[in-house]
Number of protein chains: 2
Amino acid sequence: MNASNSIGIVSAKRAQFDTPLVFRSGAVLPRYELVYETYGKLNAEKSNAILVCHALSGNHHVAGYYADDAENIGWWDNMIGPGKPINTDKFFVIGVNNLGGCHGSTGPSSIDPETSHPYGANFPVITVEDWVESQARLADLLGIRQFAAVIGGSLGGMQALQWSLALPDRVRNVLAIAAAPHLTAQNIAFNDVARSAILNDPNFHGGNFYRHNAVPTHGLRLARMLGHITDLSDDAMADKFGRELRDGQFNYGYEIEFEIESYLRHQGDKFASSFDANTYLLMTKALDYFDPAHDFGGDLNRAFARAKAGFLVISFTTDWRFSPERAREIVRPLLHNRRNVSYAEITSTHGHDSFLMEEPHYFDVVRAYLDNVAEELSS
Amino acid sequence: MNASNSIGIVSAKRAQFDTPLVFRSGAVLPRYELVYETYGKLNAEKSNAILVCHALSGNHHVAGYYADDAENIGWWDNMIGPGKPINTDKFFVIGVNNLGGCHGSTGPSSIDPETSHPYGANFPVITVEDWVESQARLADLLGIRQFAAVIGGSLGGMQALQWSLALPDRVRNVLAIAAAPHLTAQNIAFNDVARSAILNDPNFHGGNFYRHNAVPTHGLRLARMLGHITDLSDDAMADKFGRELRDGQFNYGYEIEFEIESYLRHQGDKFASSFDANTYLLMTKALDYFDPAHDFGGDLNRAFARAKAGFLVISFTTDWRFSPERAREIVRPLLHNRRNVSYAEITSTHGHDSFLMEEPHYFDVVRAYLDNVAEELSS
């Protein structure tokens with residue numbers, strides 16, 4: 001990251017919505033708040049807005065840093081800023097914490113005004129479709145009729161795709177990075193193991209751990225450890241950790257021995273002390289459910305017939321969670337429907353995490369695509 | 001499986017060893033028992049014995065069935081029997097429950113005669129090297145100076161390799177199937193997640209759950225669910241389960257929704273009710289530690305210089321736990337040392353589990369190799 005082209009000091013904003021939101025499950029949330037950040041300047045035509053959707057553990061703090069916490073740099077700061085691929089000199093960029101999140105938007109840890117207690121298990125199971133609807137209301141509030149682009153990696157990419165399907169007139173371009181048109185059985189299986197770890201943690205209390213002053217730390221930690229394995233490539237792990245021993249010798253016990261164990265447990269502990277277990281469950285369920293072809297008899301060609309946007313689809317060679325083959329499953333129905341689609345398969349060693357890394361080829365592709373989008377703005 | 005060529009009714013035998021076994025960790029077990037089964041007939045020269053080593057969840061019941069439990073068929077019955085690839089008309093085949101196991105051999109759930117309580121956490125951490133030594137004592141007891149072959153899949157394959165390294169004069173052939181010369185960081189990482197699930201289960205009680213009349217069911221279940229994911233290929237899971245819903249619809253909750261969840265939880269429950277948590281921990285640690293190159297500065301060429309046996313190494317195309325590339329890591333140092341080695345990469349959809357499946361090409365390769373071994377016996 002080059003600090004010299006950081007967007008600089010940013011601050012979170014808050015939007016209230018008092019019109020009930022009906023979830024795909026049928027549940028109703030009478031009112032909710034979304035926390036968001038914006039970078040750059042909305043032009044007079046309000047045509048240069050880009051929405052950045054986050055993945056499982058992300059949030060609205062996408063770029064820059066806080067005045068009172070300069071170390072807290074946005075999770076995609078390498079991608080977003082003046083002169084960066086998502087160029088804030090040209091675009092008005094919005095980061096939003098998803099509904100159901102745990103970073104300020106209404107979620108399971110928020111106080112339910114009906115009960116004066118945290119929602120906990122009462123917070124509705126949410127889908128990618130619900131998120132897009134809640135995000136569209138934020139766009140309404142900001143006066144944005146149509147996004148220049150909606151962009152996301154992983155679960156964020158699924159939201160970007162859903163924008164093009166649910167609200168085809170409200171998004172001109174979709175950048176779906178390290179994404180897939182739906183989870184495979186193996187993807188769901190990993191999610192189910194992670195969820196089981198949380199659900200069976202005695203401190204979970206059926207989702208109402210807040211009122212017990214408890215945190216299902218062990219379950220959340222395990223879920224995160226597993227997430228790190230599926231997000232990293234086998235090769236990246238081998239290069240970074242190999243079979244290195246922390247003490248240089250076998251200890252014949254169950255404490256940390258290999259460096260990879262040290263890394264996983266440290267990451268797991270860090271996450272478990274800062275993330276909400278119910279949010280984790282909701283995020284994995286949203287991943288499981290996303291399946292645009294579901295209402296079209298499994299036919300992605302029909303599902304994508306609604307889309308009008310231009311698409312940039314990007315995958316990474318060592319991503320085994322959402323492999324290049326899965327990205328091509330997005331590209332094919334777009335081609336079938338004669339949509340304008342660019343596809344780049346990036347050579348990267350970082351597995352699924354590659355979408356967060358500054359790979360020159362990857363950044364160049366995003367930059368080139370969005371420079372074109374910016375050209376169209378001024379023409 | 002063809003019932004007509006089953007070895008038929010078998011029964012377990014028991015061997016006692018009263019000479020202390022010194023583990024690689026330095027721990028000492030003053031005495032122990034091994035449970036084993038034998039099939040076929042040991043020839044007069046005692047030269048036709050084959051030892052079958054088991055993997056993580058296996059045991060000594062490798063072929064045939066019990067008189068009082070005809071449904072309890074050995075785990076490799078498709079491979080072993082009269083006229084089968086491991087032909088009991090020609091070979092005397094031994095299956096042994098590994099020391100530290102939970103199917104009759106001395107292990108953490110056995111009563112420690114010193115305390116009259118189960119060993120629990122006091123049972124020493126065991127290595128592949130320790131197993132081979134304990135198995136060699138069984139061979140001594142049976143008067144077998146040299147095995148015609150030692151055979152195993154996965155962790156069993158590692159034991160077979162270790163036989164050729166530790167006791168090169170006592171094994172003429174090694175069949176290492178779906179094996180690797182050591183675990184990768186990713187392999188260790190998955191083991192660490194599985195162990196963490198068990199170690200942090202409140203019913204684990206530091207390994208001494210027996211005296212609390214408790215079973216760390218949730219941890220063991222989670223470990224097994226994860227094991228099923230890594231043992232199956234992505235494609236096999238997709239073919240078998242895909243995104244099939246158990247009730248045909250989304251239920252927007254945390255009960256079982258997808259068929260893959262139903263399968264994993266069922267398998268997890270079944271395993272958790274029958275397997276010992278401490279044995280699971282020991283098995284995964286033995287996997288982590290195995291690394292013949294460790295004492296040779298990481299040089300497998302030097303490590304395998306001791307080996308004298310002939311080798312058949314087999315891998316499976318969709319095995320992502322111990323991929324064909326890992327099997328070639330075994331083949332290369334054997335070639336380097338001009339050992340007699342055959343290698344077969346079998347096309348199979350079943351992932352790591354392929355070694356348990358009746359694939360014609362796979363079975364033909366094993367049969368052909370062992371027919372040659374049998375020829376040498378009679379010549």
# chains A, B, ... in the order shown; residues from 1 in each chain; ligands from 1

$ interface_residues --of "chain B" --to "chain A" --cutoff "8 Å" --atoms "only C-alpha atoms" --output "ChimeraX atom specification"
/B:25,125-126,183-186,188-190,192-193,196-197,200,218,222,225-226,229,234,237-238,241-243,250-253,260-261,264,289

$ select_by_dssp --residues "segment 93-319 of chain A" --states "helix (DSSP H, G or I)" --output "PyMOL selection string"
chain A and resi 120-122+128-141+155-166+168-170+185-199+205-207+209-212+217-231+234-240+259-272+277-289+292-296+300-306

$ residues_around --residues "Ser315 of chain B" --least-positions-apart "2" --cutoff "7 Å" --atoms "only C-alpha atoms" --output "MDAnalysis selection string"
chainID B and resid 177:178 313 317 323:324 327 344:346

$ write_last_selection --atoms "N, CA, C and O atoms" --output "PDB file, in the first residue's frame"
ATOM      1  N   ILE B 177      -0.482 -46.751  -0.842  1.00  0.00           N
ATOM      2  CA  ILE B 177      -1.628 -46.349  -1.662  1.00  0.00           C
ATOM      3  C   ILE B 177      -2.218 -45.055  -1.100  1.00  0.00           C
ATOM      4  O   ILE B 177      -2.444 -44.950   0.108  1.00  0.00           O
ATOM      5  N   ALA B 178      -2.469 -44.079  -1.957  1.00  0.00           N
ATOM      6  CA  ALA B 178      -3.038 -42.789  -1.528  1.00  0.00           C
ATOM      7  C   ALA B 178      -2.255 -42.244  -0.330  1.00  0.00           C
ATOM      8  O   ALA B 178      -2.829 -41.792   0.655  1.00  0.00           O
ATOM      9  N   VAL B 313       3.537 -47.910  -5.735  1.00  0.00           N
ATOM     10  CA  VAL B 313       2.940 -46.662  -5.250  1.00  0.00           C
ATOM     11  C   VAL B 313       1.729 -46.354  -6.125  1.00  0.00           C
ATOM     12  O   VAL B 313       1.827 -46.392  -7.359  1.00  0.00           O
ATOM     13  N   THR B 317      -6.501 -39.709  -9.142  1.00  0.00           N
ATOM     14  CA  THR B 317      -6.536 -38.380  -9.783  1.00  0.00           C
ATOM     15  C   THR B 317      -7.292 -37.331  -8.973  1.00  0.00           C
ATOM     16  O   THR B 317      -6.895 -36.174  -8.950  1.00  0.00           O
ATOM     17  N   SER B 323      -2.510 -35.906  -3.061  1.00  0.00           N
ATOM     18  CA  SER B 323      -2.670 -35.880  -4.515  1.00  0.00           C
ATOM     19  C   SER B 323      -1.592 -36.710  -5.197  1.00  0.00           C
ATOM     20  O   SER B 323      -0.573 -37.065  -4.585  1.00  0.00           O
ATOM     21  N   PRO B 324      -1.795 -37.024  -6.488  1.00  0.00           N
ATOM     22  CA  PRO B 324      -0.757 -37.742  -7.253  1.00  0.00           C
ATOM     23  C   PRO B 324       0.613 -37.080  -7.125  1.00  0.00           C
ATOM     24  O   PRO B 324       1.635 -37.777  -7.040  1.00  0.00           O
ATOM     25  N   ALA B 327       2.289 -38.449  -4.232  1.00  0.00           N
ATOM     26  CA  ALA B 327       2.761 -39.830  -4.442  1.00  0.00           C
ATOM     27  C   ALA B 327       4.069 -39.818  -5.226  1.00  0.00           C
ATOM     28  O   ALA B 327       4.977 -40.610  -4.951  1.00  0.00           O
ATOM     29  N   ALA B 344       1.360 -46.181 -10.243  1.00  0.00           N
ATOM     30  CA  ALA B 344       0.125 -46.090 -11.028  1.00  0.00           C
ATOM     31  C   ALA B 344      -0.713 -44.928 -10.525  1.00  0.00           C
ATOM     32  O   ALA B 344      -0.954 -44.800  -9.315  1.00  0.00           O
ATOM     33  N   GLU B 345      -1.108 -44.070 -11.458  1.00  0.00           N
ATOM     34  CA  GLU B 345      -2.031 -42.982 -11.129  1.00  0.00           C
ATOM     35  C   GLU B 345      -3.388 -43.394 -11.685  1.00  0.00           C
ATOM     36  O   GLU B 345      -3.571 -43.492 -12.894  1.00  0.00           O
ATOM     37  N   ILE B 346      -4.316 -43.644 -10.770  1.00  0.00           N
ATOM     38  CA  ILE B 346      -5.599 -44.216 -11.154  1.00  0.00           C
ATOM     39  C   ILE B 346      -6.643 -43.114 -11.333  1.00  0.00           C
ATOM     40  O   ILE B 346      -6.791 -42.249 -10.467  1.00  0.00           O
TER      41      ILE B 346
END

$ residues_around --residues "Asp112 of chain B" --least-positions-apart "6" --cutoff "10 Å" --atoms "only C-alpha atoms" --output "ChimeraX atom specification"
/B:29,31-32,106,118-120,122-123

$ write_last_selection --atoms "N, CA and C atoms" --output "tab-separated table (two decimals), in the first residue's frame"
chain	number	residue	atom	x	y	z
B	29	LEU	N	5.75	-47.57	27.60
B	29	LEU	CA	4.56	-48.35	27.93
B	29	LEU	C	5.05	-49.72	28.40
B	31	ARG	N	3.69	-52.54	29.22
B	31	ARG	CA	3.10	-53.73	28.57
B	31	ARG	C	1.91	-53.29	27.74
B	32	TYR	N	1.58	-54.07	26.76
B	32	TYR	CA	0.43	-53.73	25.91
B	32	TYR	C	-0.10	-54.96	25.20
B	106	THR	N	-4.37	-52.00	23.09
B	106	THR	CA	-4.21	-51.06	24.20
B	106	THR	C	-4.21	-49.63	23.68
B	118	PRO	N	-8.86	-45.73	33.02
B	118	PRO	CA	-8.41	-45.61	31.62
B	118	PRO	C	-7.19	-44.69	31.53
B	119	TYR	N	-6.30	-45.01	30.59
B	119	TYR	CA	-5.10	-44.17	30.39
B	119	TYR	C	-5.49	-42.72	30.13
B	120	GLY	N	-6.46	-42.51	29.29
B	120	GLY	CA	-6.88	-41.14	28.97
B	120	GLY	C	-5.70	-40.32	28.49
B	122	ASN	N	-3.00	-39.81	29.75
B	122	ASN	CA	-1.68	-40.38	30.05
B	122	ASN	C	-1.15	-41.30	28.96
B	123	PHE	N	-2.00	-41.65	28.02
B	123	PHE	CA	-1.49	-42.54	26.96
B	123	PHE	C	-0.52	-41.75	26.10
